[in-house]
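Visitor: My file is protein-v4.tsv. It has TSV, C-alpha atoms:
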chain	number	residue	atom	x	y	z
Y	252	MET	CA	24.98	21.64	-21.79
Y	253	ALA	CA	21.25	21.34	-22.40
Y	254	ILE	CA	19.28	24.12	-24.02
Y	255	THR	CA	16.38	25.39	-21.98
Y	256	ILE	CA	13.04	24.79	-23.69
Y	257	THR	CA	10.82	27.88	-23.44
Y	258	LYS	CA	7.77	29.34	-25.12
Y	259	GLY	CA	8.64	30.01	-28.76
Y	260	SER	CA	11.25	27.23	-28.95
Y	261	SER	CA	10.92	24.50	-31.54
Y	262	ALA	CA	9.91	21.26	-29.86
Y	263	PRO	CA	12.78	18.76	-29.97
Y	264	ASP	CA	11.78	15.87	-32.23
Y	265	PHE	CA	11.78	12.31	-30.93
Y	266	ILE	CA	10.84	8.74	-31.69
Y	267	LEU	CA	9.76	6.65	-28.69
Y	268	TYR	CA	7.95	3.37	-28.16
Y	269	SER	CA	4.43	3.45	-26.75
Y	270	SER	CA	2.98	1.12	-24.14
Y	271	GLU	CA	1.63	-0.81	-27.17
Y	272	LYS	CA	5.23	-1.21	-28.45
Y	273	LYS	CA	4.57	1.02	-31.47
Y	274	GLN	CA	6.92	3.80	-32.52
Y	275	VAL	CA	5.60	7.33	-32.06
Y	276	HIS	CA	7.44	10.05	-34.00
Y	277	LEU	CA	6.67	13.61	-32.90
Y	278	ALA	CA	7.36	14.98	-36.40
Y	279	GLU	CA	4.61	12.73	-37.79
Y	280	LEU	CA	2.13	14.44	-35.43
Y	281	GLN	CA	2.82	17.89	-36.88
Y	282	GLY	CA	-0.46	19.59	-37.65
Y	283	GLN	CA	-1.86	18.49	-34.28
Y	284	THR	CA	-1.77	20.32	-30.97
Y	285	ILE	CA	0.14	18.22	-28.43
Y	286	LEU	CA	0.05	18.26	-24.65
Y	287	LEU	CA	3.35	16.61	-23.76
Y	288	VAL	CA	3.76	15.64	-20.12
Y	289	PHE	CA	6.72	13.99	-18.43
Y	290	PHE	CA	6.21	12.07	-15.19
Y	291	PRO	CA	8.77	10.42	-12.92
Y	292	LEU	CA	7.50	6.88	-12.37
Y	293	ALA	CA	4.46	4.74	-13.04
Y	294	PHE	CA	2.50	3.43	-10.05
Y	295	THR	CA	3.49	6.31	-7.76
Y	296	ASN	CA	0.97	8.53	-5.98
Y	297	THR	CA	1.53	11.95	-7.56
Y	298	CYS	CA	2.06	10.53	-11.05
Y	299	THR	CA	-1.16	8.54	-10.78
Y	300	LYS	CA	-3.02	11.62	-9.55
Y	301	GLU	CA	-1.69	13.70	-12.46
Y	302	LEU	CA	-2.44	11.17	-15.18
Y	303	CYS	CA	-5.88	10.39	-13.76
Y	304	LEU	CA	-6.68	14.13	-13.85
Y	305	LEU	CA	-5.87	14.05	-17.57
Y	306	ARG	CA	-7.88	10.84	-18.02
Y	307	ASP	CA	-10.90	12.27	-16.24
Y	308	ASP	CA	-10.73	15.52	-18.24
Y	309	ILE	CA	-10.19	13.82	-21.62
Y	310	SER	CA	-13.38	15.28	-23.12
Y	311	ARG	CA	-11.91	18.80	-22.70
Y	312	TYR	CA	-8.78	17.77	-24.60
Y	313	ASN	CA	-10.75	15.90	-27.25
Y	314	ASP	CA	-13.02	18.94	-27.75
Y	315	LEU	CA	-9.91	21.10	-28.27
Y	316	GLN	CA	-8.45	18.42	-30.59
Y	317	VAL	CA	-5.39	17.99	-28.37
Y	318	THR	CA	-3.28	14.84	-28.45
Y	319	ILE	CA	-1.87	13.90	-25.04
Y	320	LEU	CA	1.51	12.17	-24.86
Y	321	ALA	CA	2.80	11.14	-21.43
Y	322	ILE	CA	6.48	10.19	-21.11
Y	323	SER	CA	8.44	8.45	-18.37
Y	324	VAL	CA	11.63	6.40	-18.18
Y	325	ASP	CA	9.61	3.27	-17.39
Y	326	SER	CA	9.76	0.37	-19.87
Y	327	PRO	CA	6.98	-0.08	-22.44
Y	328	GLN	CA	5.89	-3.21	-20.54
Y	329	THR	CA	5.57	-1.32	-17.24
Y	330	LEU	CA	3.68	1.48	-18.98
Y	331	ALA	CA	1.29	-1.04	-20.60
Y	332	ARG	CA	0.43	-2.49	-17.19
Y	333	TYR	CA	0.07	1.01	-15.68
Y	334	LYS	CA	-2.15	2.18	-18.55
Y	335	GLU	CA	-4.41	-0.85	-18.11
Y	336	ASP	CA	-4.43	-0.59	-14.32
Y	337	GLN	CA	-5.41	3.11	-14.36
Y	338	GLN	CA	-7.57	2.89	-17.53
Y	339	LEU	CA	-5.62	5.73	-19.12
Y	340	ASN	CA	-7.07	6.93	-22.42
Y	341	PHE	CA	-4.01	8.54	-24.05
Y	342	MET	CA	-0.56	7.43	-25.17
Y	343	LEU	CA	2.17	6.53	-22.69
Y	344	LEU	CA	5.68	6.63	-24.13
Y	345	SER	CA	8.85	5.02	-22.81
Y	346	ASP	CA	11.96	7.18	-22.63
Y	347	PHE	CA	13.92	4.29	-21.15
Y	348	ASN	CA	17.20	5.65	-22.54
Y	349	LYS	CA	16.42	9.12	-21.14
Y	350	ASP	CA	17.29	10.97	-24.37
Y	351	VAL	CA	13.97	12.81	-24.71
Y	352	SER	CA	13.75	13.78	-21.04
Y	353	ARG	CA	17.26	15.19	-21.36
Y	354	ALA	CA	16.40	17.07	-24.59
Y	355	TYR	CA	13.46	18.75	-22.84
Y	356	ASP	CA	15.56	19.60	-19.74
Y	357	ALA	CA	13.24	17.33	-17.76
Y	358	LEU	CA	15.61	14.82	-16.18
Y	359	TYR	CA	16.65	14.43	-12.56
Y	360	GLU	CA	20.29	13.45	-12.45
Y	361	GLU	CA	19.64	12.47	-8.82
Y	362	PHE	CA	16.13	11.46	-7.71
Y	363	SER	CA	15.05	9.81	-4.46
Y	364	LEU	CA	16.27	6.52	-2.99
Y	365	GLY	CA	19.52	6.90	-4.92
Y	366	MET	CA	17.81	6.59	-8.31
Y	367	ARG	CA	19.43	8.49	-11.17
Y	368	GLY	CA	18.01	9.58	-14.50
Y	369	VAL	CA	14.29	9.83	-13.73
Y	370	SER	CA	12.03	12.19	-15.70
Y	371	LYS	CA	11.05	15.39	-13.94
Y	372	ARG	CA	7.39	16.29	-13.84
Y	373	ALA	CA	6.95	18.67	-16.78
Y	374	ALA	CA	4.33	19.89	-19.23
Y	375	PHE	CA	4.65	21.38	-22.70
Y	376	VAL	CA	1.99	22.57	-25.12
Y	377	ILE	CA	3.19	22.19	-28.71
Y	378	ASP	CA	1.24	23.91	-31.46
Y	379	SER	CA	0.45	22.48	-34.89
Y	380	MET	CA	3.70	23.93	-36.29
Y	381	GLY	CA	5.88	22.23	-33.64
Y	382	VAL	CA	6.45	25.36	-31.56
Y	383	ILE	CA	6.28	25.33	-27.75
Y	384	GLN	CA	3.43	27.54	-26.52
Y	385	TYR	CA	3.69	26.56	-22.84
Y	386	ALA	CA	6.61	25.11	-20.88
Y	387	GLU	CA	6.76	24.08	-17.23
Y	388	VAL	CA	9.44	21.90	-15.63
Y	389	LEU	CA	9.00	21.20	-11.93
Y	390	GLU	CA	11.92	20.57	-9.61
Y	391	ASN	CA	9.68	19.14	-6.88
Y	392	ALA	CA	8.18	15.83	-8.03
Y	393	SER	CA	5.34	16.10	-5.51
Y	394	HIS	CA	3.94	19.18	-7.28
Y	395	LEU	CA	1.51	18.99	-10.22
Y	396	PRO	CA	1.73	21.07	-13.39
Y	397	ASN	CA	-0.43	24.19	-13.50
Y	398	PHE	CA	-3.40	22.71	-15.37
Y	399	ASP	CA	-5.27	26.04	-15.24
Y	400	ALA	CA	-2.43	27.71	-17.16
Y	401	ILE	CA	-2.15	24.75	-19.55
Y	402	ASN	CA	-5.89	24.76	-20.27
Y	403	SER	CA	-5.88	28.55	-20.69
Y	404	THR	CA	-3.04	28.26	-23.22
Y	405	LEU	CA	-4.90	25.55	-25.12
Y	406	ALA	CA	-8.16	27.56	-25.15
Y	407	LYS	CA	-6.36	30.58	-26.63
Y	408	MET	CA	-4.99	28.44	-29.45
Y	409	ILE	CA	-8.36	27.64	-31.04
As structure tokens - that is how I would like this structure written.

Guide:
Amino acid sequence: MAITITKGSSAPDFILYSSEKKQVHLAELQGQTILLVFFPLAFTNTCTKELCLLRDDISRYNDLQVTILAISVDSPQTLARYKEDQQLNFMLLSDFNKDVSRAYDALYEEFSLGMRGVSKRAAFVIDSMGVIQYAEVLENASHLPNFDAINSTLAKMI
């Protein structure tokens, strides 16, 4: 049974491949504030809206010295095309084997159209010590994370 990730929990460590086919190890980012978002599928409407909101607000995150990591179960190749297509200015990571989505309790066992094992839409703020300061996992994939609450959490951390 999965452990629920809540504020105050240690962020589960992971190593995933980026859209550039480079390994990204969360533990190596310790010392940085991380906004970790999970999204169901590249090239879908709500996911594109969410990631483009992050893209368009990148100066806010840069000013707060926040590193954005966006995770889906898409392949690195699909994520590379999506990143280029949407001109995304942060890392996209492939959780193709679904281990990280499962560790963060952010995995639909049953999604739409009979698909299984798709990342739920979720957002986590991880502080420089690797502790979760904000956690939101959405059951409805058509809803967006609460960016006001995320940004408020980040602002309080500086």

Visitor: Which polymer residues have any atom within 10 Å of an atom of Glu279 in chain Y, counting all atoms listed in the file, with same-chain residues fewer than 2 positions away left out, as a list in words?

Guide: Asp264, Phe265, Ile266, Val275, His276, Leu277, Gln281, Gly282 and Gln283 of chain Y

Visitor: Quick one: write out the picked residues with C-alpha atoms as an mmCIF file, in the coordinates of the input?

Guide:
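part_25.cif was written with the following content:
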data_model
loop_
_atom_site.group_PDB
_atom_site.id
_atom_site.type_symbol
_atom_site.label_atom_id
_atom_site.label_comp_id
_atom_site.auth_asym_id
_atom_site.auth_seq_id
_atom_site.Cartn_x
_atom_site.Cartn_y
_atom_site.Cartn_z
ATOM 1 C CA ASP Y 264 11.780 15.870 -32.230
ATOM 2 C CA PHE Y 265 11.780 12.310 -30.930
ATOM 3 C CA ILE Y 266 10.840 8.740 -31.690
ATOM 4 C CA VAL Y 275 5.600 7.330 -32.060
ATOM 5 C CA HIS Y 276 7.440 10.050 -34.000
ATOM 6 C CA LEU Y 277 6.670 13.610 -32.900
ATOM 7 C CA GLN Y 281 2.820 17.890 -36.880
ATOM 8 C CA GLY Y 282 -0.460 19.590 -37.650
ATOM 9 C CA GLN Y 283 -1.860 18.490 -34.280
#

Visitor: List the neighbours of Met342 in chain Y out to 10 Å using all atoms listed in the file; skip same-chain residues closer than 5 positions along the sequence, and give me the result as a ChimeraX atom specification.

Guide: /Y:268-271,275,318-322,330-331,334

Visitor: Using only C-alpha atoms, which of the listed residues (Y:Asp336, Y:Asp314, Y:Asp350, Y:Glu301) sits closest to Ser370 in chain Y?

Guide: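 Checking each of Y:Asp336, Y:Asp314, Y:Asp350, Y:Glu301 against Ser370 in chain Y, counting only C-alpha atoms, the winner is Y:Asp350.
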
Visitor: From the list Y:Thr257, Y:Thr295, Y:Ser379, Y:Ser345, which residue is nearest Ile409 in chain Y when using all atoms listed in the file?

Guide: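 The closest residue to Ile409 in chain Y is Y:Ser379.
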
Visitor: Go through Y:Ile285, Y:Thr299, Y:Pro291, Y:Ser261 and flag the residue nearest Gln316 in chain Y, using all atoms listed in the file for the distances.

Guide: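 Using all atoms listed in the file, the shortest distance to Gln316 in chain Y belongs to Y:Ile285.
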
Visitor: Mind checking which residues fall within 12 Å of Ser363 in chain Y, counting all atoms listed in the file, ignoring those fewer than 2 positions away in the same chain, and posting them as JSON, numbers by chain?

Guide: {"Y": [291, 292, 359, 360, 361, 365, 366, 367, 368, 369, 370, 371, 391, 392, 393]}

Visitor: Give me, please, the distance in Å between CA of Phe290 in chain Y and CA of Arg372 in chain Y, quoted to one decimal.

Guide: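 Going from CA of Phe290 in chain Y over to CA of Arg372 in chain Y covers 4.6 Å.
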
Visitor: Could you jot down the CA of Leu302 in chain Y to CA of Leu339 in chain Y separation for me, Å, one decimal place?

Guide: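 About the pair CA of Leu302 in chain Y and CA of Leu339 in chain Y: they are 7.4 Å apart.
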
Visitor: Which residues are close to Arg311 in chain Y, i.e. within 12 Å by all atoms listed in the file, leaving aside same-chain residues fewer than 3 positions away? Reply as a ChimeraX atom specification.

Guide: /Y:304-308,314-319,398,401-403,405-406

Visitor: Kindly give the distance, in Å, that separates CA of Leu358 in chain Y and CA of Thr329 in chain Y, rounded to a single decimal.

Guide: 19.0 Å

Visitor: Which residue gives the smallest distance to Ala386 in chain Y among Y:Asn296, Y:Arg332, Y:Ile309, Y:Asp356, with only C-alpha atoms counted?

Guide: Y:Asp356
